[in-house]
Structures are given as structure tokens and as C-alpha cells.
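Scroll down for the structure; my scribbles are underneath it.
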Amino acid sequence: MRRRSPAALLRKWNTPAIAQRLLGASLVRRWHGKTTVYPITEVEAYDGFDDLASHASRGRTKRNALMFGKAGHWYVYFTYGMHWMLNIVTGPKDYPAAVLIRGAGDISGPARLTKQLHITGALNGRSASPQSGLWLVLNDPPRKKDIIRTPRIGVAYAGPVWSKKKYRFVRKHRV
DNA sequence: GCAGTGATCATA
DNA sequence: ATGATCACTGCC
């Protein structure tokens with residue numbers, strides 16, 4: 001099949017839908033002249049102003065400003081004093097949303113993913129395009145029955161409603 | 001079960 | 001300026 005750019009997909013409003021569609025996409029990394037393709041296996045949606053699990057829920061700050069920006073850019077932040085987290089910014093401009101990429105290829109866990117792919121703050125704010133060395137390509141969308149929906153990981157602080165939203169999506173079968 | 005590790009943000 | 005927190009991992 002023809003590989004399509006996900007630019008139009010990422011601009012949409014429905015972040016959980018985008019996240020699920022990205023389970024039918026691959027992360028492509030170019031590093032030291034070698035290009036490797038990692039089919040995405042696990043994602044989480046962080047959606048809008050009201051999502052108490054989202055960095056954007058308490059308004060715009062220096063760190064989260066990218067979430068309010070243009071879709072299709074990487075939002076990479078540092079946490080727990082040692083881990084980088086990789087997100088793709090989604091939604092229209094001024095609507096804060098992103099999809100956290102938690103697993104791809106054989107790699108499980110968002111910090112392991114960034115470590116293995118050499119992803120750091122150097123990519124923060126860069127466009128998801130070959131120029132940045134890290135981009136996305138769309139494959140066939142996953143079937144609905146091949147997607148597991150669960151609450152997001154590590155967001156107990158988000159209160160009874162938002163910590164339980166089923167905004168984590170895992171692909172059942174390897175692609 | 002919990003230590004590690006340091007940027008970020010709210011509070012002052 | 002200070003202190004709590006953290007979209008995690010690895011080892012106990």
C-alpha cells in the first residue's frame with residue numbers, strides 16, 4: 001500500500017481517535033545514516049483544556065506551550081530526573097492536545113523507547129518530518145477489535161474522572 | 001515494594 | 001528562594 005503522511009490526521013479535533021489511528025502507523029528514525037521503522041504499538045491521548053492528566057490542564061506554561069501549537073510537531077519533555085517522553089502534538093492551533101507514544105516495534109515503555117531511539121529534548125518543537133530525523137508514516141488502520149482500551153498509566157493524580165478515562169490504546173497483535 | 005534523579009511549577 | 005511533584009524504570 002501507499003504510505004501517506006499523517007499531517008491531515010493530526011490536525012483533527014478528536015485526540016483519542018487520532019491516537020487509535022496511530023496504532024496503524026510507524027515511527028521512523030534516521031540516526032547516523034541508518035533508517036529504522038518501528039510500528040507503533042501503544043499510545044495515550046492527552047486531550048484539551050479539561051483533561052486533568054494533561055500538562056495543559058493548568059494553562060499554558062513554558063514547558064507545555066508546544067501542546068497549544070501546531071499539530072505534527074514533537075513535544076519531548078524530561079521527567080523523573082532521567083527520562084524523556086515523546087509526544088506528537090495534535091489538534092487545531094490553540095487547542096492543547098498530544099499523543100504520547102509509549103511503545104513501538106519491540107520496545108515497551110515510553111522512556112525505553114526514547115532511550116533506544118536516542119530521542120532527547122533536541123527534538124522538542126521539531127517537525128515530524130525526515131528533516132528532523134524522526135517522523136511518522138501511516139499504514140493500514142487497525143481493526144477496532146485489535147485495539148485494547150485502558151486507563152492511562154501513571155495519572156492517578158488526575159482525579160476520579162480523568163484518571164479513569166480509557167485513553168490508552170494498545171495494539172493486540174504485532175503487525 | 002520503593003529509590004533514583006533533576007527540571008518544572010506553584011507558592012511566597 | 002523553596003519544596004512538592006512527576007505521562008518512569010529497575011532493582012529489592
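Ordered as shown in the C-alpha cells, chains take letters A, B, and onward, while each chain numbers its residues from 1 and ligands are numbered from 1 in the order shown.
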
Which neighbours of stretch 8-10 of chain C fall inside 10 Å, counting only C-alpha atoms (C1' of nucleotides), when residues of the same chain fewer than 4 positions from it are skipped, and could you give them as a PDB file with N, CA and C atoms (P, O5', C5', C4', C3', O3' and C1' of nucleotides), in the first residue's frame?
ATOM      1  N   THR A  79      11.374  13.973  32.531  1.00  0.00           N
ATOM      2  CA  THR A  79      10.678  13.772  33.802  1.00  0.00           C
ATOM      3  C   THR A  79      11.426  12.793  34.702  1.00  0.00           C
ATOM      4  N   TYR A  80      11.098  12.793  35.958  1.00  0.00           N
ATOM      5  CA  TYR A  80      11.719  11.939  36.972  1.00  0.00           C
ATOM      6  C   TYR A  80      13.239  12.057  36.992  1.00  0.00           C
ATOM      7  N   GLY A  81      13.721  13.213  36.544  1.00  0.00           N
ATOM      8  CA  GLY A  81      15.160  13.426  36.609  1.00  0.00           C
ATOM      9  C   GLY A  81      15.982  12.596  35.646  1.00  0.00           C
ATOM     10  N   MET A  82      15.344  11.772  34.841  1.00  0.00           N
ATOM     11  CA  MET A  82      16.141  10.920  33.947  1.00  0.00           C
ATOM     12  C   MET A  82      15.479  10.438  32.669  1.00  0.00           C
ATOM     13  N   HIS A  83      14.190  10.685  32.503  1.00  0.00           N
ATOM     14  CA  HIS A  83      13.515  10.084  31.351  1.00  0.00           C
ATOM     15  C   HIS A  83      12.954  11.127  30.384  1.00  0.00           C
ATOM     16  N   TRP A  84      13.095  10.841  29.092  1.00  0.00           N
ATOM     17  CA  TRP A  84      12.461  11.663  28.060  1.00  0.00           C
ATOM     18  C   TRP A  84      11.175  10.997  27.596  1.00  0.00           C
ATOM     19  N   MET A  85      10.141  11.801  27.386  1.00  0.00           N
ATOM     20  CA  MET A  85       8.852  11.293  26.909  1.00  0.00           C
ATOM     21  C   MET A  85       8.571  11.900  25.539  1.00  0.00           C
ATOM     22  N   GLY A 109       7.309   0.746  26.770  1.00  0.00           N
ATOM     23  CA  GLY A 109       7.644   1.732  27.799  1.00  0.00           C
ATOM     24  C   GLY A 109       8.176   3.003  27.179  1.00  0.00           C
ATOM     25  N   PRO A 110       7.571   4.139  27.529  1.00  0.00           N
ATOM     26  CA  PRO A 110       7.891   5.406  26.868  1.00  0.00           C
ATOM     27  C   PRO A 110       9.334   5.875  27.065  1.00  0.00           C
ATOM     28  N   ALA A 111       9.911   5.605  28.231  1.00  0.00           N
ATOM     29  CA  ALA A 111      11.289   6.049  28.461  1.00  0.00           C
ATOM     30  C   ALA A 111      12.291   5.112  27.795  1.00  0.00           C
ATOM     31  N   ARG A 112      11.940   3.841  27.723  1.00  0.00           N
ATOM     32  CA  ARG A 112      12.809   2.901  26.994  1.00  0.00           C
ATOM     33  C   ARG A 112      12.817   3.231  25.512  1.00  0.00           C
ATOM     34  N   ILE A 153      -1.585   5.272  32.064  1.00  0.00           N
ATOM     35  CA  ILE A 153      -0.655   4.832  33.104  1.00  0.00           C
ATOM     36  C   ILE A 153      -0.091   6.049  33.846  1.00  0.00           C
ATOM     37  N   GLY A 154      -0.019   5.920  35.160  1.00  0.00           N
ATOM     38  CA  GLY A 154       0.712   6.928  35.950  1.00  0.00           C
ATOM     39  C   GLY A 154       0.017   8.258  36.088  1.00  0.00           C
TER      40      GLY A 154
ATOM     41  P    DA B   3      12.510   4.422  49.484  1.00  0.00           P
ATOM     42  O5'  DA B   3      13.963   4.645  48.858  1.00  0.00           O
ATOM     43  C5'  DA B   3      14.778   3.517  48.614  1.00  0.00           C
ATOM     44  C4'  DA B   3      15.673   3.749  47.416  1.00  0.00           C
ATOM     45  C3'  DA B   3      16.219   5.166  47.278  1.00  0.00           C
ATOM     46  O3'  DA B   3      17.531   5.049  46.759  1.00  0.00           O
ATOM     47  C1'  DA B   3      14.916   4.654  45.361  1.00  0.00           C
ATOM     48  P    DG B   4      18.495   6.311  46.730  1.00  0.00           P
ATOM     49  O5'  DG B   4      18.493   6.679  45.182  1.00  0.00           O
ATOM     50  C5'  DG B   4      18.941   5.703  44.265  1.00  0.00           C
ATOM     51  C4'  DG B   4      18.686   6.194  42.863  1.00  0.00           C
ATOM     52  C3'  DG B   4      19.116   7.653  42.616  1.00  0.00           C
ATOM     53  O3'  DG B   4      19.803   7.683  41.384  1.00  0.00           O
ATOM     54  C1'  DG B   4      16.893   7.335  41.929  1.00  0.00           C
TER      55       DG B   4
END

If we count only C-alpha atoms (C1' of nucleotides), what is near A:Thr120 at a cut-off of 10 Å, once residues fewer than 2 positions away on the same chain are taken out, given as a compact mmCIF listing (two decimals) with N, CA and C atoms, in the first residue's frame?
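Result written to part24.txt:
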# COMPACT_ATOMS: atom_id res chain seq x y z
N VAL A 76 8.63 16.85 23.39
CA VAL A 76 9.51 15.95 24.13
C VAL A 76 9.87 16.60 25.46
N TYR A 77 9.51 15.95 26.54
CA TYR A 77 9.81 16.55 27.84
C TYR A 77 10.55 15.56 28.73
N PHE A 78 11.20 16.11 29.75
CA PHE A 78 12.07 15.37 30.67
C PHE A 78 11.33 15.18 31.99
N HIS A 83 14.19 10.68 32.50
CA HIS A 83 13.51 10.08 31.35
C HIS A 83 12.95 11.13 30.38
N TRP A 84 13.09 10.84 29.09
CA TRP A 84 12.46 11.66 28.06
C TRP A 84 11.17 11.00 27.60
N MET A 85 10.14 11.80 27.39
CA MET A 85 8.85 11.29 26.91
C MET A 85 8.57 11.90 25.54
N LEU A 86 8.11 11.06 24.62
CA LEU A 86 7.87 11.50 23.25
C LEU A 86 6.37 11.62 22.96
N THR A 114 12.39 6.20 24.04
CA THR A 114 13.23 7.37 23.73
C THR A 114 14.70 7.04 23.90
N LYS A 115 15.01 6.21 24.88
CA LYS A 115 16.41 5.84 25.09
C LYS A 115 16.95 5.08 23.88
N LEU A 117 15.88 5.02 20.83
CA LEU A 117 15.87 5.78 19.59
C LEU A 117 16.69 7.07 19.68
N HIS A 118 17.37 7.27 20.81
CA HIS A 118 18.19 8.47 21.01
C HIS A 118 17.37 9.74 20.88
N ALA A 122 16.47 17.65 22.19
CA ALA A 122 16.91 18.23 20.93
C ALA A 122 15.80 18.17 19.88
N LEU A 123 14.89 17.22 20.04
CA LEU A 123 13.79 17.10 19.08
C LEU A 123 12.55 17.89 19.49
N ASN A 124 12.56 18.46 20.68
CA ASN A 124 11.38 19.20 21.14
C ASN A 124 11.08 20.36 20.21

Give the residues of chain B that lie within 10 Å of chain A; count only C-alpha atoms (C1' of nucleotides), and format the answer as a compact mmCIF listing (two decimals) with N, CA and C atoms (P, O5', C5', C4', C3', O3' and C1' of nucleotides), in the first residue's frame.
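What follows is the written file selection.txt:
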# COMPACT_ATOMS: atom_id res chain seq x y z
P DG B 4 18.50 6.31 46.73
O5' DG B 4 18.49 6.68 45.18
C5' DG B 4 18.94 5.70 44.27
C4' DG B 4 18.69 6.19 42.86
C3' DG B 4 19.12 7.65 42.62
O3' DG B 4 19.80 7.68 41.38
C1' DG B 4 16.89 7.33 41.93
P DT B 5 21.09 8.61 41.25
O5' DT B 5 20.46 9.89 40.57
C5' DT B 5 20.12 9.86 39.20
C4' DT B 5 19.16 10.98 38.91
C3' DT B 5 19.60 12.32 39.49
O3' DT B 5 20.19 13.08 38.43
C1' DT B 5 17.26 11.91 39.80
P DG B 6 20.94 14.42 38.82
O5' DG B 6 19.89 15.52 38.35
C5' DG B 6 19.53 15.63 36.98
C4' DG B 6 18.28 16.49 36.87
C3' DG B 6 18.41 17.91 37.43
O3' DG B 6 17.60 18.75 36.63
C1' DG B 6 16.63 16.89 38.45
P DA B 7 18.22 20.06 35.98
O5' DA B 7 17.01 20.54 35.06
C5' DA B 7 16.54 19.67 34.06
C4' DA B 7 15.04 19.78 33.93
C3' DA B 7 14.50 21.21 33.86
O3' DA B 7 13.48 21.19 32.87
C1' DA B 7 13.51 20.07 35.71
P DT B 8 12.81 22.57 32.39
O5' DT B 8 11.47 22.64 33.25
C5' DT B 8 10.57 21.56 33.17
C4' DT B 8 9.45 21.78 34.17
C3' DT B 8 8.92 23.22 34.21
O3' DT B 8 7.53 23.15 34.00
C1' DT B 8 9.33 22.39 36.38
P DC B 9 6.72 24.42 33.53
O5' DC B 9 5.85 24.72 34.83
C5' DC B 9 5.04 23.68 35.36
C4' DC B 9 4.68 24.00 36.79
C3' DC B 9 4.15 25.43 36.99
O3' DC B 9 2.89 25.36 37.60
C1' DC B 9 5.83 24.88 38.60

Filtered DSSP result for chain A, state strand (DSSP E), as a ChimeraX atom specification: /A:25-31,34-47,74-79,83-89,97-104,107-108,134-138,147-150,168-171

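Residue neighbourhood of A:Pro151, excluding near-sequence residues (fewer than 2 positions): Glu44, Arg149, Ile153, Gly154, Val155, Ala156, Trp162, Ser163, Lys164, Lys165, Lys166, Tyr167, Arg168 and Phe169 of chain A, at 10 Å, using only C-alpha atoms (C1' of nucleotides).
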
Could you please take those selected residues and save all heavy atoms as a tab-separated table (two decimals), in the first residue's frame?
chain	number	residue	atom	x	y	z
A	44	GLU	N	-1.15	7.00	24.17
A	44	GLU	CA	-2.14	7.60	25.06
A	44	GLU	C	-2.53	8.97	24.54
A	44	GLU	O	-1.68	9.71	24.03
A	44	GLU	CB	-1.58	7.76	26.49
A	44	GLU	CG	-1.53	6.46	27.27
A	44	GLU	CD	-0.89	6.61	28.64
A	44	GLU	OE1	-0.49	7.73	29.01
A	44	GLU	OE2	-0.78	5.60	29.34
A	149	ARG	N	-8.42	-0.90	24.94
A	149	ARG	CA	-8.56	0.43	25.55
A	149	ARG	C	-8.46	0.31	27.07
A	149	ARG	O	-9.19	-0.46	27.67
A	149	ARG	CB	-9.93	1.04	25.24
A	149	ARG	CG	-10.22	1.22	23.77
A	149	ARG	CD	-11.74	1.46	23.54
A	149	ARG	NE	-12.42	1.99	24.71
A	149	ARG	CZ	-12.96	3.22	24.79
A	149	ARG	NH1	-12.89	4.02	23.76
A	149	ARG	NH2	-13.57	3.61	25.86
A	153	ILE	N	-1.59	5.27	32.06
A	153	ILE	CA	-0.65	4.83	33.10
A	153	ILE	C	-0.09	6.05	33.85
A	153	ILE	O	0.22	7.06	33.24
A	153	ILE	CB	0.51	4.05	32.46
A	153	ILE	CG1	-0.01	2.90	31.60
A	153	ILE	CG2	1.48	3.56	33.53
A	153	ILE	CD1	-0.69	1.80	32.35
A	154	GLY	N	-0.02	5.92	35.16
A	154	GLY	CA	0.71	6.93	35.95
A	154	GLY	C	0.02	8.26	36.09
A	154	GLY	O	0.67	9.28	36.26
A	155	VAL	N	-1.32	8.27	36.03
A	155	VAL	CA	-2.04	9.54	36.11
A	155	VAL	C	-3.06	9.53	37.26
A	155	VAL	O	-4.10	10.19	37.18
A	155	VAL	CB	-2.74	9.90	34.78
A	155	VAL	CG1	-1.72	10.10	33.69
A	155	VAL	CG2	-3.75	8.84	34.38
A	156	ALA	N	-2.75	8.84	38.33
A	156	ALA	CA	-3.65	8.78	39.48
A	156	ALA	C	-3.96	10.18	40.03
A	156	ALA	O	-5.04	10.41	40.59
A	156	ALA	CB	-3.04	7.91	40.58
A	162	TRP	N	-10.84	11.78	35.25
A	162	TRP	CA	-9.83	11.80	34.18
A	162	TRP	C	-8.80	10.69	34.33
A	162	TRP	O	-8.23	10.24	33.34
A	162	TRP	CB	-9.19	13.17	34.07
A	162	TRP	CG	-10.15	14.16	33.54
A	162	TRP	CD1	-10.95	15.01	34.26
A	162	TRP	CD2	-10.49	14.36	32.16
A	162	TRP	NE1	-11.75	15.73	33.40
A	162	TRP	CE2	-11.49	15.37	32.13
A	162	TRP	CE3	-10.05	13.81	30.96
A	162	TRP	CZ2	-12.05	15.81	30.91
A	162	TRP	CZ3	-10.59	14.25	29.77
A	162	TRP	CH2	-11.59	15.25	29.76
A	163	SER	N	-8.57	10.24	35.54
A	163	SER	CA	-7.60	9.14	35.69
A	163	SER	C	-8.18	7.83	35.17
A	163	SER	O	-7.45	6.89	34.91
A	163	SER	CB	-7.19	8.98	37.15
A	163	SER	OG	-8.28	8.49	37.92
A	164	LYS	N	-9.49	7.80	35.01
A	164	LYS	CA	-10.12	6.54	34.57
A	164	LYS	C	-10.53	6.53	33.10
A	164	LYS	O	-10.97	5.50	32.59
A	164	LYS	CB	-11.33	6.24	35.45
A	164	LYS	CG	-10.93	5.86	36.86
A	164	LYS	CD	-12.13	5.52	37.71
A	164	LYS	CE	-11.69	5.20	39.13
A	164	LYS	NZ	-12.44	5.96	40.14
A	165	LYS	N	-10.41	7.65	32.45
A	165	LYS	CA	-10.75	7.68	31.02
A	165	LYS	C	-9.93	6.67	30.25
A	165	LYS	O	-8.72	6.56	30.47
A	165	LYS	CB	-10.46	9.07	30.46
A	165	LYS	CG	-11.39	10.13	30.95
A	165	LYS	CD	-12.37	10.53	29.86
A	165	LYS	CE	-13.25	11.67	30.38
A	165	LYS	NZ	-14.50	11.75	29.63
A	166	LYS	N	-10.56	5.97	29.37
A	166	LYS	CA	-9.84	4.94	28.61
A	166	LYS	C	-9.17	5.56	27.40
A	166	LYS	O	-9.60	5.38	26.27
A	166	LYS	CB	-10.80	3.82	28.24
A	166	LYS	CG	-11.28	3.07	29.46
A	166	LYS	CD	-12.05	1.83	29.08
A	166	LYS	CE	-12.39	1.02	30.34
A	166	LYS	NZ	-13.23	-0.14	30.01
A	167	TYR	N	-8.11	6.27	27.70
A	167	TYR	CA	-7.37	7.00	26.67
A	167	TYR	C	-6.03	6.34	26.35
A	167	TYR	O	-5.19	6.94	25.69
A	167	TYR	CB	-7.13	8.45	27.14
A	167	TYR	CG	-8.29	9.37	26.90
A	167	TYR	CD1	-9.53	8.92	26.41
A	167	TYR	CD2	-8.15	10.74	27.16
A	167	TYR	CE1	-10.58	9.79	26.20
A	167	TYR	CE2	-9.21	11.62	26.95
A	167	TYR	CZ	-10.41	11.15	26.47
A	167	TYR	OH	-11.44	12.04	26.26
A	168	ARG	N	-5.83	5.14	26.84
A	168	ARG	CA	-4.64	4.38	26.46
A	168	ARG	C	-5.06	3.29	25.48
A	168	ARG	O	-6.04	2.59	25.72
A	168	ARG	CB	-3.98	3.74	27.68
A	168	ARG	CG	-2.85	2.77	27.35
A	168	ARG	CD	-2.10	2.35	28.61
A	168	ARG	NE	-1.13	1.31	28.37
A	168	ARG	CZ	-1.29	0.03	28.69
A	168	ARG	NH1	-2.41	-0.38	29.27
A	168	ARG	NH2	-0.34	-0.84	28.46
A	169	PHE	N	-4.32	3.19	24.40
A	169	PHE	CA	-4.67	2.24	23.35
A	169	PHE	C	-3.46	1.37	23.02
A	169	PHE	O	-2.37	1.88	22.77
A	169	PHE	CB	-5.15	2.99	22.10
A	169	PHE	CG	-6.26	3.96	22.41
A	169	PHE	CD1	-6.01	5.32	22.57
A	169	PHE	CD2	-7.57	3.51	22.59
A	169	PHE	CE1	-7.02	6.21	22.88
A	169	PHE	CE2	-8.60	4.40	22.90
A	169	PHE	CZ	-8.33	5.76	23.05

Length of the atom CA of A:Tyr157 to atom CA of A:Arg11 vector [Å]: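 These two atoms are separated by 28.2 Å.
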
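The spacing separating atom CA of A:Tyr46 from atom CA of A:Arg152 amounts to 9.4 Å.
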
Near-B:DA10 list (12 Å; only C-alpha atoms (C1' of nucleotides); drop same-chain fewer than 4 positions) as an MDAnalysis selection string: (chainID A and resid 58 61) or (chainID C and resid 2:5)
